[in-house]
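Colleague: Enclosed is the structure file my_file27.txt (compact mmCIF, C-alpha atoms).
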```txt
# COMPACT_ATOMS: atom_id res chain seq x y z
CA ASP A 12 8.07 18.33 -9.41
CA GLN A 13 6.71 15.17 -7.85
CA GLN A 14 3.00 14.87 -8.52
CA VAL A 15 2.51 11.74 -6.42
CA LYS A 16 4.18 11.60 -3.03
CA GLN A 17 4.65 8.87 -0.49
CA ASN A 18 6.28 10.64 2.41
CA SER A 19 6.99 7.58 4.53
CA PRO A 20 9.84 5.52 3.05
CA SER A 21 9.23 2.71 5.52
CA LEU A 22 6.69 1.36 7.97
CA SER A 23 6.90 -1.45 10.51
CA VAL A 24 3.74 -3.09 11.84
CA GLN A 25 3.11 -6.10 14.04
CA GLU A 26 1.35 -9.10 12.58
CA GLY A 27 -2.39 -8.88 13.09
CA ARG A 28 -2.42 -5.09 13.39
CA ILE A 29 -3.57 -2.56 10.82
CA SER A 30 -1.11 -1.16 8.27
CA ILE A 31 -1.91 2.27 6.88
CA LEU A 32 0.05 3.52 3.89
CA ASN A 33 -0.44 7.08 2.75
CA CYS A 34 -0.17 8.88 -0.57
CA ASP A 35 -0.66 12.51 -1.58
CA TYR A 36 -1.05 13.95 -5.05
CA THR A 37 -0.97 17.44 -6.48
CA ASN A 38 -2.55 17.14 -9.93
CA SER A 39 -6.34 17.59 -9.75
CA MET A 40 -6.66 16.03 -13.22
CA PHE A 41 -5.85 12.58 -11.85
CA ASP A 42 -9.05 10.54 -11.86
CA TYR A 43 -7.94 7.00 -11.12
CA PHE A 44 -5.62 5.69 -8.44
CA LEU A 45 -3.91 2.37 -7.96
CA TRP A 46 -1.77 0.57 -5.41
CA TYR A 47 0.92 -1.86 -6.48
CA LYS A 48 2.89 -4.26 -4.34
CA LYS A 49 6.48 -5.17 -5.18
CA TYR A 50 8.65 -7.95 -3.85
CA PRO A 51 12.44 -7.82 -4.39
CA ALA A 52 13.57 -8.93 -7.86
CA GLU A 53 9.99 -9.05 -9.13
CA GLY A 54 7.78 -6.71 -11.10
CA PRO A 55 5.06 -4.67 -9.39
CA THR A 56 1.77 -6.51 -9.01
CA PHE A 57 -1.58 -4.76 -9.04
CA LEU A 58 -3.28 -4.73 -5.66
CA ILE A 59 -6.33 -2.47 -5.64
CA SER A 60 -7.61 0.67 -7.35
CA ILE A 61 -10.21 3.39 -6.96
CA SER A 62 -11.92 5.79 -9.30
CA SER A 63 -12.25 9.46 -8.36
CA ILE A 64 -16.04 9.09 -8.26
CA LYS A 65 -15.71 6.87 -5.20
CA ASP A 66 -14.24 7.44 -1.76
CA LYS A 67 -13.69 3.82 -0.76
CA ASN A 68 -12.95 0.49 -2.38
CA GLU A 69 -12.54 -2.76 -0.53
CA ASP A 70 -11.05 -6.10 -1.54
CA GLY A 71 -10.63 -8.62 1.23
CA ARG A 72 -8.05 -7.37 3.70
CA PHE A 73 -7.25 -4.34 1.55
CA THR A 74 -9.19 -1.07 1.52
CA VAL A 75 -8.30 2.10 -0.32
CA PHE A 76 -9.73 5.44 0.80
CA LEU A 77 -9.75 8.55 -1.36
CA ASN A 78 -10.16 12.10 -0.04
CA LYS A 79 -10.35 14.27 -3.14
CA SER A 80 -10.58 17.57 -1.31
CA ALA A 81 -7.32 16.80 0.50
CA LYS A 82 -5.80 15.09 -2.56
CA HIS A 83 -4.95 12.15 -0.33
CA LEU A 84 -5.40 8.43 -0.51
CA SER A 85 -4.54 5.66 1.87
CA LEU A 86 -4.28 1.90 1.80
CA HIS A 87 -5.41 -0.04 4.85
CA ILE A 88 -4.35 -3.65 5.35
CA VAL A 89 -6.24 -5.48 8.08
CA PRO A 90 -5.03 -7.74 9.55
CA SER A 91 -1.42 -7.42 8.44
CA GLN A 92 0.42 -10.64 7.66
CA PRO A 93 4.16 -11.38 7.26
CA GLY A 94 3.58 -12.04 3.54
CA ASP A 95 2.47 -8.42 3.18
CA SER A 96 6.08 -7.31 3.73
CA ALA A 97 6.96 -5.58 0.45
CA VAL A 98 7.31 -2.16 -1.14
CA TYR A 99 3.97 -0.51 -1.91
CA PHE A 100 3.68 2.02 -4.70
CA CYS A 101 0.84 4.45 -5.11
CA ALA A 102 0.08 5.46 -8.72
CA ALA A 103 -2.26 7.95 -10.33
CA SER A 104 -3.68 8.20 -13.82
CA GLY A 105 -5.33 10.88 -15.90
CA LEU A 106 -6.47 9.78 -19.32
CA THR A 107 -4.23 11.18 -22.04
CA GLY A 108 -5.48 10.41 -25.49
CA THR A 109 -6.04 6.68 -25.75
CA ALA A 110 -3.32 5.64 -23.30
CA SER A 111 -3.58 6.02 -19.55
CA LYS A 112 -0.15 6.95 -18.27
CA LEU A 113 0.63 6.20 -14.64
CA THR A 114 2.55 8.53 -12.33
CA PHE A 115 4.12 6.66 -9.43
CA GLY A 116 5.12 7.64 -5.93
CA THR A 117 8.52 6.61 -4.57
CA GLY A 118 7.16 3.72 -2.54
CA THR A 119 6.79 2.72 1.11
CA ARG A 120 8.57 -0.36 2.40
CA LEU A 121 6.24 -2.25 4.74
CA GLN A 122 7.67 -4.74 7.20
CA VAL A 123 5.25 -6.91 9.12
CA THR A 124 6.89 -8.35 12.19
CA LEU A 125 5.90 -11.42 14.18
CA ASN B 11 -0.99 -17.64 -20.04
CA ALA B 12 2.40 -16.08 -19.20
CA GLY B 13 1.21 -12.45 -18.89
CA VAL B 14 4.09 -10.04 -19.55
CA THR B 15 7.51 -11.53 -20.22
CA GLN B 16 10.84 -9.73 -20.49
CA THR B 17 14.24 -10.81 -21.76
CA PRO B 18 16.96 -10.77 -20.66
CA LYS B 19 16.57 -10.81 -16.87
CA PHE B 20 20.08 -9.46 -16.30
CA GLN B 21 22.58 -7.68 -18.53
CA VAL B 22 25.97 -6.04 -18.08
CA LEU B 23 27.14 -3.62 -20.76
CA LYS B 24 30.20 -1.48 -21.27
CA THR B 25 29.77 2.23 -21.92
CA GLY B 26 28.95 2.81 -25.57
CA GLN B 27 27.56 -0.66 -26.26
CA SER B 28 24.05 -1.09 -27.58
CA MET B 29 21.33 -3.56 -26.69
CA THR B 30 17.63 -4.23 -27.07
CA LEU B 31 15.33 -5.21 -24.22
CA GLN B 32 12.47 -7.42 -25.32
CA CYS B 33 8.93 -7.46 -23.98
CA ALA B 34 5.94 -9.56 -24.98
CA GLN B 35 2.41 -9.92 -23.62
CA ASP B 36 -0.15 -12.60 -24.35
CA MET B 37 -3.21 -10.83 -22.92
CA ASN B 38 -4.27 -9.15 -26.17
CA HIS B 39 -3.74 -5.70 -24.66
CA ASN B 40 -3.57 -2.67 -26.91
CA SER B 41 -1.29 -0.42 -24.83
CA MET B 42 2.23 -1.19 -23.68
CA TYR B 43 4.73 0.76 -21.60
CA TRP B 44 8.41 0.89 -20.62
CA TYR B 45 9.37 2.14 -17.14
CA GLN B 46 12.67 2.74 -15.39
CA GLN B 47 13.15 2.26 -11.66
CA ASP B 48 16.17 3.56 -9.74
CA PRO B 49 16.81 2.91 -6.02
CA GLY B 50 14.54 5.00 -3.81
CA MET B 51 12.61 6.23 -6.81
CA GLY B 52 9.24 5.42 -8.22
CA LEU B 53 8.79 4.04 -11.69
CA ARG B 54 9.31 6.62 -14.40
CA LEU B 55 7.77 6.24 -17.85
CA ILE B 56 10.28 6.07 -20.70
CA TYR B 57 8.05 5.40 -23.72
CA TYR B 58 4.62 4.00 -24.35
CA SER B 59 2.57 2.65 -27.20
CA ALA B 60 -1.15 3.30 -27.09
CA SER B 61 -1.80 0.81 -29.86
CA GLU B 62 0.01 -1.19 -32.51
CA GLY B 63 1.80 1.19 -34.86
CA THR B 64 2.06 4.13 -32.46
CA THR B 65 4.70 5.14 -29.93
CA ASP B 66 5.10 8.23 -27.75
CA LYS B 67 7.67 9.66 -25.37
CA GLY B 68 7.17 9.48 -21.65
CA GLU B 69 8.90 11.33 -18.85
CA VAL B 70 12.52 10.17 -19.46
CA PRO B 71 12.93 9.20 -23.17
CA ASN B 72 16.46 10.52 -23.80
CA GLY B 73 18.93 7.81 -24.77
CA TYR B 74 16.24 5.28 -25.69
CA ASN B 75 14.24 4.20 -28.71
CA VAL B 76 11.31 1.83 -28.95
CA SER B 77 9.63 -0.35 -31.52
CA ARG B 78 6.12 -1.75 -31.36
CA LEU B 79 6.79 -4.78 -33.48
CA ASN B 80 3.21 -6.09 -33.40
CA LYS B 81 0.38 -6.16 -30.89
CA ARG B 82 2.27 -8.56 -28.61
CA GLU B 83 5.78 -7.15 -28.63
CA PHE B 84 7.30 -3.82 -27.56
CA SER B 85 11.09 -3.48 -27.49
CA LEU B 86 13.35 -0.86 -25.89
CA ARG B 87 16.72 -0.07 -27.43
CA LEU B 88 19.76 1.63 -25.93
CA GLU B 89 21.91 2.81 -28.83
CA SER B 90 24.95 3.86 -26.80
CA ALA B 91 24.71 2.81 -23.16
CA ALA B 92 25.86 5.17 -20.41
CA PRO B 93 26.47 4.44 -16.69
CA SER B 94 23.47 6.69 -15.88
CA GLN B 95 21.28 4.07 -17.58
CA THR B 96 22.12 1.49 -14.94
CA SER B 97 18.65 0.68 -13.68
CA VAL B 98 15.83 -1.84 -13.58
CA TYR B 99 13.54 -1.70 -16.59
CA PHE B 100 9.95 -2.83 -16.43
CA CYS B 101 7.56 -3.42 -19.28
CA ALA B 102 3.81 -3.24 -18.73
CA SER B 103 0.63 -3.70 -20.70
CA ARG B 104 -2.79 -2.26 -19.99
CA ALA B 105 -6.13 -3.95 -19.61
CA MET B 106 -8.92 -1.57 -20.52
CA GLY B 107 -12.15 -1.29 -18.59
CA GLY B 108 -13.07 -3.66 -15.80
CA PRO B 109 -14.99 -2.99 -12.60
CA VAL B 110 -12.99 0.05 -11.58
CA GLY B 111 -11.01 1.09 -14.58
CA ASP B 112 -7.83 0.43 -16.51
CA THR B 113 -5.00 -1.51 -14.91
CA GLN B 114 -1.41 -2.00 -16.00
CA TYR B 115 0.25 -5.37 -15.57
CA PHE B 116 4.02 -5.58 -15.24
CA GLY B 117 6.73 -7.97 -16.34
CA PRO B 118 9.47 -9.22 -13.98
CA GLY B 119 12.00 -6.61 -15.06
CA THR B 120 15.45 -6.46 -16.67
CA ARG B 121 18.34 -5.48 -14.42
CA LEU B 122 20.88 -3.56 -16.46
CA THR B 123 24.35 -2.51 -15.34
CA VAL B 124 26.46 -0.21 -17.51
CA LEU B 125 30.15 -0.13 -16.61
```
Taking this structure as input, can you express it in the form of structure tokens?
Modeller:
Amino acid sequence: DQQVKQNSPSLSVQEGRISILNCDYTNSMFDYFLWYKKYPAEGPTFLISISSIKDKNEDGRFTVFLNKSAKHLSLHIVPSQPGDSAVYFCAASGLTGTASKLTFGTGTRLQVTL
Amino acid sequence: NAGVTQTPKFQVLKTGQSMTLQCAQDMNHNSMYWYQQDPGMGLRLIYYSASEGTTDKGEVPNGYNVSRLNKREFSLRLESAAPSQTSVYFCASRAMGGPVGDTQYFGPGTRLTVL
């Protein structure tokens, strides 16, 4: 039972264009959402996050949108750059006791072409 | 400031051997986590420690044990390795609060092969 889903295993986008990565979740108790970026042979690095009380959060070229009614979030990268080529994981958190446990999607591999 | 460090980076074991994966963080975080990542899969939580002195099972704890040695260090032990435990293991620690909320920071991973 996958509570966080990334239905597109891969995405190819031209440099300079917009990349849109999508994520769906099923658990309405999730209240905090994060995107991580992962290069090969490295650990995931935190990219951007959003609380369930917001519908948009922006950080430079990266914007995350949250649609709670649809249980859907998306990451927009504008403009896309070759260095953005990586695997992107969506993660969701619902506070459990004193430790926030993250539930991850399976990832989307983004390739930004010249 | 090294963040989250993990040792070893690579390890090959034979079935039935034991080993301990080490993790340390220098960010003064209270909570630490161990995740497993298999090809085409997301990261799955093995065990976590909300604070020094406490540990709890995650989604896939079978075959593993953990020790929160002190606030900095959180180790993962495989008592009798099996080929199904061939995976990449990531340790993470959590920063509380901040502008949007809590964030977990990850180490570089340990790539384990069990023959």
Colleague: With only C-alpha atoms as the basis for distance, which of A:Leu77, A:Leu125, A:Met40, A:Val15 is at the shortest distance from chain B?
Modeller: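 Result for the nearest residue to chain B: A:Val15.
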Colleague: With a cut-off of 8 Å, could you pull out the residues of chain B touching chain A and give me the nearest pair of atoms for each, distance in Å to one decimal, using all atoms listed in the file, ordered by chain and ascending number, as a tab-separated table?
Modeller:
```
residue	atom	partner	partner_atom	distance
B:Ser41	CA	A:Ala110	CA	6.6
B:Gly50	CA	A:Thr117	CA	6.3
B:Met51	CA	A:Thr117	CA	4.7
B:Gly52	CA	A:Thr117	CA	3.9
B:Leu53	CA	A:Phe115	CA	5.8
B:Arg54	CA	A:Phe115	CA	7.2
B:Leu55	CA	A:Leu113	CA	7.8
B:Ser59	CA	A:Ala110	CA	7.7
B:Ala60	CA	A:Ala110	CA	5.0
B:Phe100	CA	A:Gly54	CA	6.9
B:Val110	CA	A:Ser62	CA	6.3
B:Gly111	CA	A:Ser62	CA	7.1
B:Asp112	CA	A:Ser111	CA	7.7
B:Thr113	CA	A:Phe57	CA	7.5
B:Gln114	CA	A:Phe57	CA	7.5
B:Tyr115	CA	A:Phe57	CA	6.8
B:Phe116	CA	A:Gly54	CA	5.7
B:Gly117	CA	A:Gly54	CA	5.5
B:Pro118	CA	A:Gly54	CA	4.2
B:Gly119	CA	A:Gly54	CA	5.8
```
Colleague: For the residues in the current selection, export C-alpha atoms as a tab-separated table (two decimals), keeping the file's coordinate frame.
Modeller:
```tsv
chain	number	residue	atom	x	y	z
B	41	SER	CA	-1.29	-0.42	-24.83
B	50	GLY	CA	14.54	5.00	-3.81
B	51	MET	CA	12.61	6.23	-6.81
B	52	GLY	CA	9.24	5.42	-8.22
B	53	LEU	CA	8.79	4.04	-11.69
B	54	ARG	CA	9.31	6.62	-14.40
B	55	LEU	CA	7.77	6.24	-17.85
B	59	SER	CA	2.57	2.65	-27.20
B	60	ALA	CA	-1.15	3.30	-27.09
B	100	PHE	CA	9.95	-2.83	-16.43
B	110	VAL	CA	-12.99	0.05	-11.58
B	111	GLY	CA	-11.01	1.09	-14.58
B	112	ASP	CA	-7.83	0.43	-16.51
B	113	THR	CA	-5.00	-1.51	-14.91
B	114	GLN	CA	-1.41	-2.00	-16.00
B	115	TYR	CA	0.25	-5.37	-15.57
B	116	PHE	CA	4.02	-5.58	-15.24
B	117	GLY	CA	6.73	-7.97	-16.34
B	118	PRO	CA	9.47	-9.22	-13.98
B	119	GLY	CA	12.00	-6.61	-15.06
```
Colleague: So, counting all atoms listed in the file, which residue among A:Phe41, A:Gly71, A:Tyr50, A:Ile64 is closest to Ser91 of chain A?
Modeller: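 Nearest candidate to Ser91 of chain A out of A:Phe41, A:Gly71, A:Tyr50, A:Ile64: A:Gly71.
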Colleague: Report, in Å to a single decimal, how far apart atom CA of Gly94 of chain A and atom CA of Arg72 of chain A are.
Modeller: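 It comes out at 12.5 Å.
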Colleague: B:Phe84, B:Gln21, B:Gln32, B:Glu89: which is nearest Asn72 of chain B, counting all atoms listed in the file?
Modeller: B:Glu89
Colleague: One number please: atom CA of Asp36 of chain B to atom CA of Glu62 of chain B, in Å, one decimal.
Modeller: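 Here the two named atoms are 14.0 Å from each other.
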Colleague: One decimal, Å: what's the distance from atom CA of Leu86 of chain A over to atom CA of Met42 of chain B, could you say?
Modeller: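 For atom CA of Leu86 of chain A relative to atom CA of Met42 of chain B, the distance reads 26.5 Å.
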Colleague: Could you list, as a ChimeraX atom specification, every residue within 7 Å of Gln92 of chain A, counting only C-alpha atoms and ignoring same-chain residues fewer than 6 positions away?
Modeller: /A:26-27,123
Colleague: Mind rebuilding segment 86-104 of chain B with N, CA and C atoms and writing that out as a PDB file, keeping the file's coordinate frame?
Modeller:
```pdb
ATOM      1  N   LEU B  86      12.670  -2.094 -26.315  1.00  0.00           N
ATOM      2  CA  LEU B  86      13.350  -0.860 -25.890  1.00  0.00           C
ATOM      3  C   LEU B  86      14.822  -0.981 -26.259  1.00  0.00           C
ATOM      4  N   ARG B  87      15.337  -0.001 -26.974  1.00  0.00           N
ATOM      5  CA  ARG B  87      16.720  -0.070 -27.430  1.00  0.00           C
ATOM      6  C   ARG B  87      17.555   1.061 -26.825  1.00  0.00           C
ATOM      7  N   LEU B  88      18.749   0.663 -26.363  1.00  0.00           N
ATOM      8  CA  LEU B  88      19.760   1.630 -25.930  1.00  0.00           C
ATOM      9  C   LEU B  88      20.825   1.643 -27.016  1.00  0.00           C
ATOM     10  N   GLU B  89      20.978   2.746 -27.704  1.00  0.00           N
ATOM     11  CA  GLU B  89      21.910   2.810 -28.830  1.00  0.00           C
ATOM     12  C   GLU B  89      23.359   2.908 -28.363  1.00  0.00           C
ATOM     13  N   SER B  90      23.597   3.661 -27.321  1.00  0.00           N
ATOM     14  CA  SER B  90      24.950   3.860 -26.800  1.00  0.00           C
ATOM     15  C   SER B  90      24.835   3.991 -25.283  1.00  0.00           C
ATOM     16  N   ALA B  91      24.994   2.846 -24.596  1.00  0.00           N
ATOM     17  CA  ALA B  91      24.710   2.810 -23.160  1.00  0.00           C
ATOM     18  C   ALA B  91      25.665   3.701 -22.366  1.00  0.00           C
ATOM     19  N   ALA B  92      25.103   4.315 -21.321  1.00  0.00           N
ATOM     20  CA  ALA B  92      25.860   5.170 -20.410  1.00  0.00           C
ATOM     21  C   ALA B  92      25.656   4.678 -18.981  1.00  0.00           C
ATOM     22  N   PRO B  93      26.633   4.890 -18.087  1.00  0.00           N
ATOM     23  CA  PRO B  93      26.470   4.440 -16.690  1.00  0.00           C
ATOM     24  C   PRO B  93      25.184   4.961 -16.039  1.00  0.00           C
ATOM     25  N   SER B  94      24.713   6.131 -16.455  1.00  0.00           N
ATOM     26  CA  SER B  94      23.470   6.690 -15.880  1.00  0.00           C
ATOM     27  C   SER B  94      22.250   5.851 -16.239  1.00  0.00           C
ATOM     28  N   GLN B  95      22.387   4.938 -17.194  1.00  0.00           N
ATOM     29  CA  GLN B  95      21.280   4.070 -17.580  1.00  0.00           C
ATOM     30  C   GLN B  95      21.257   2.765 -16.801  1.00  0.00           C
ATOM     31  N   THR B  96      22.176   2.620 -15.854  1.00  0.00           N
ATOM     32  CA  THR B  96      22.120   1.490 -14.940  1.00  0.00           C
ATOM     33  C   THR B  96      20.836   1.595 -14.137  1.00  0.00           C
ATOM     34  N   SER B  97      19.985   0.571 -14.261  1.00  0.00           N
ATOM     35  CA  SER B  97      18.650   0.680 -13.680  1.00  0.00           C
ATOM     36  C   SER B  97      17.936  -0.658 -13.822  1.00  0.00           C
ATOM     37  N   VAL B  98      16.726  -0.708 -13.324  1.00  0.00           N
ATOM     38  CA  VAL B  98      15.830  -1.840 -13.580  1.00  0.00           C
ATOM     39  C   VAL B  98      14.744  -1.346 -14.516  1.00  0.00           C
ATOM     40  N   TYR B  99      14.513  -2.091 -15.568  1.00  0.00           N
ATOM     41  CA  TYR B  99      13.540  -1.700 -16.590  1.00  0.00           C
ATOM     42  C   TYR B  99      12.347  -2.650 -16.544  1.00  0.00           C
ATOM     43  N   PHE B 100      11.179  -2.051 -16.465  1.00  0.00           N
ATOM     44  CA  PHE B 100       9.950  -2.830 -16.430  1.00  0.00           C
ATOM     45  C   PHE B 100       9.094  -2.508 -17.648  1.00  0.00           C
ATOM     46  N   CYS B 101       8.545  -3.558 -18.217  1.00  0.00           N
ATOM     47  CA  CYS B 101       7.560  -3.420 -19.280  1.00  0.00           C
ATOM     48  C   CYS B 101       6.183  -3.699 -18.686  1.00  0.00           C
ATOM     49  N   ALA B 102       5.171  -3.034 -19.210  1.00  0.00           N
ATOM     50  CA  ALA B 102       3.810  -3.240 -18.730  1.00  0.00           C
ATOM     51  C   ALA B 102       2.844  -3.197 -19.904  1.00  0.00           C
ATOM     52  N   SER B 103       1.704  -3.833 -19.726  1.00  0.00           N
ATOM     53  CA  SER B 103       0.630  -3.700 -20.700  1.00  0.00           C
ATOM     54  C   SER B 103      -0.649  -3.368 -19.956  1.00  0.00           C
ATOM     55  N   ARG B 104      -1.602  -2.802 -20.666  1.00  0.00           N
ATOM     56  CA  ARG B 104      -2.790  -2.260 -19.990  1.00  0.00           C
ATOM     57  C   ARG B 104      -4.053  -2.990 -20.413  1.00  0.00           C
TER      58      ARG B 104
END
```
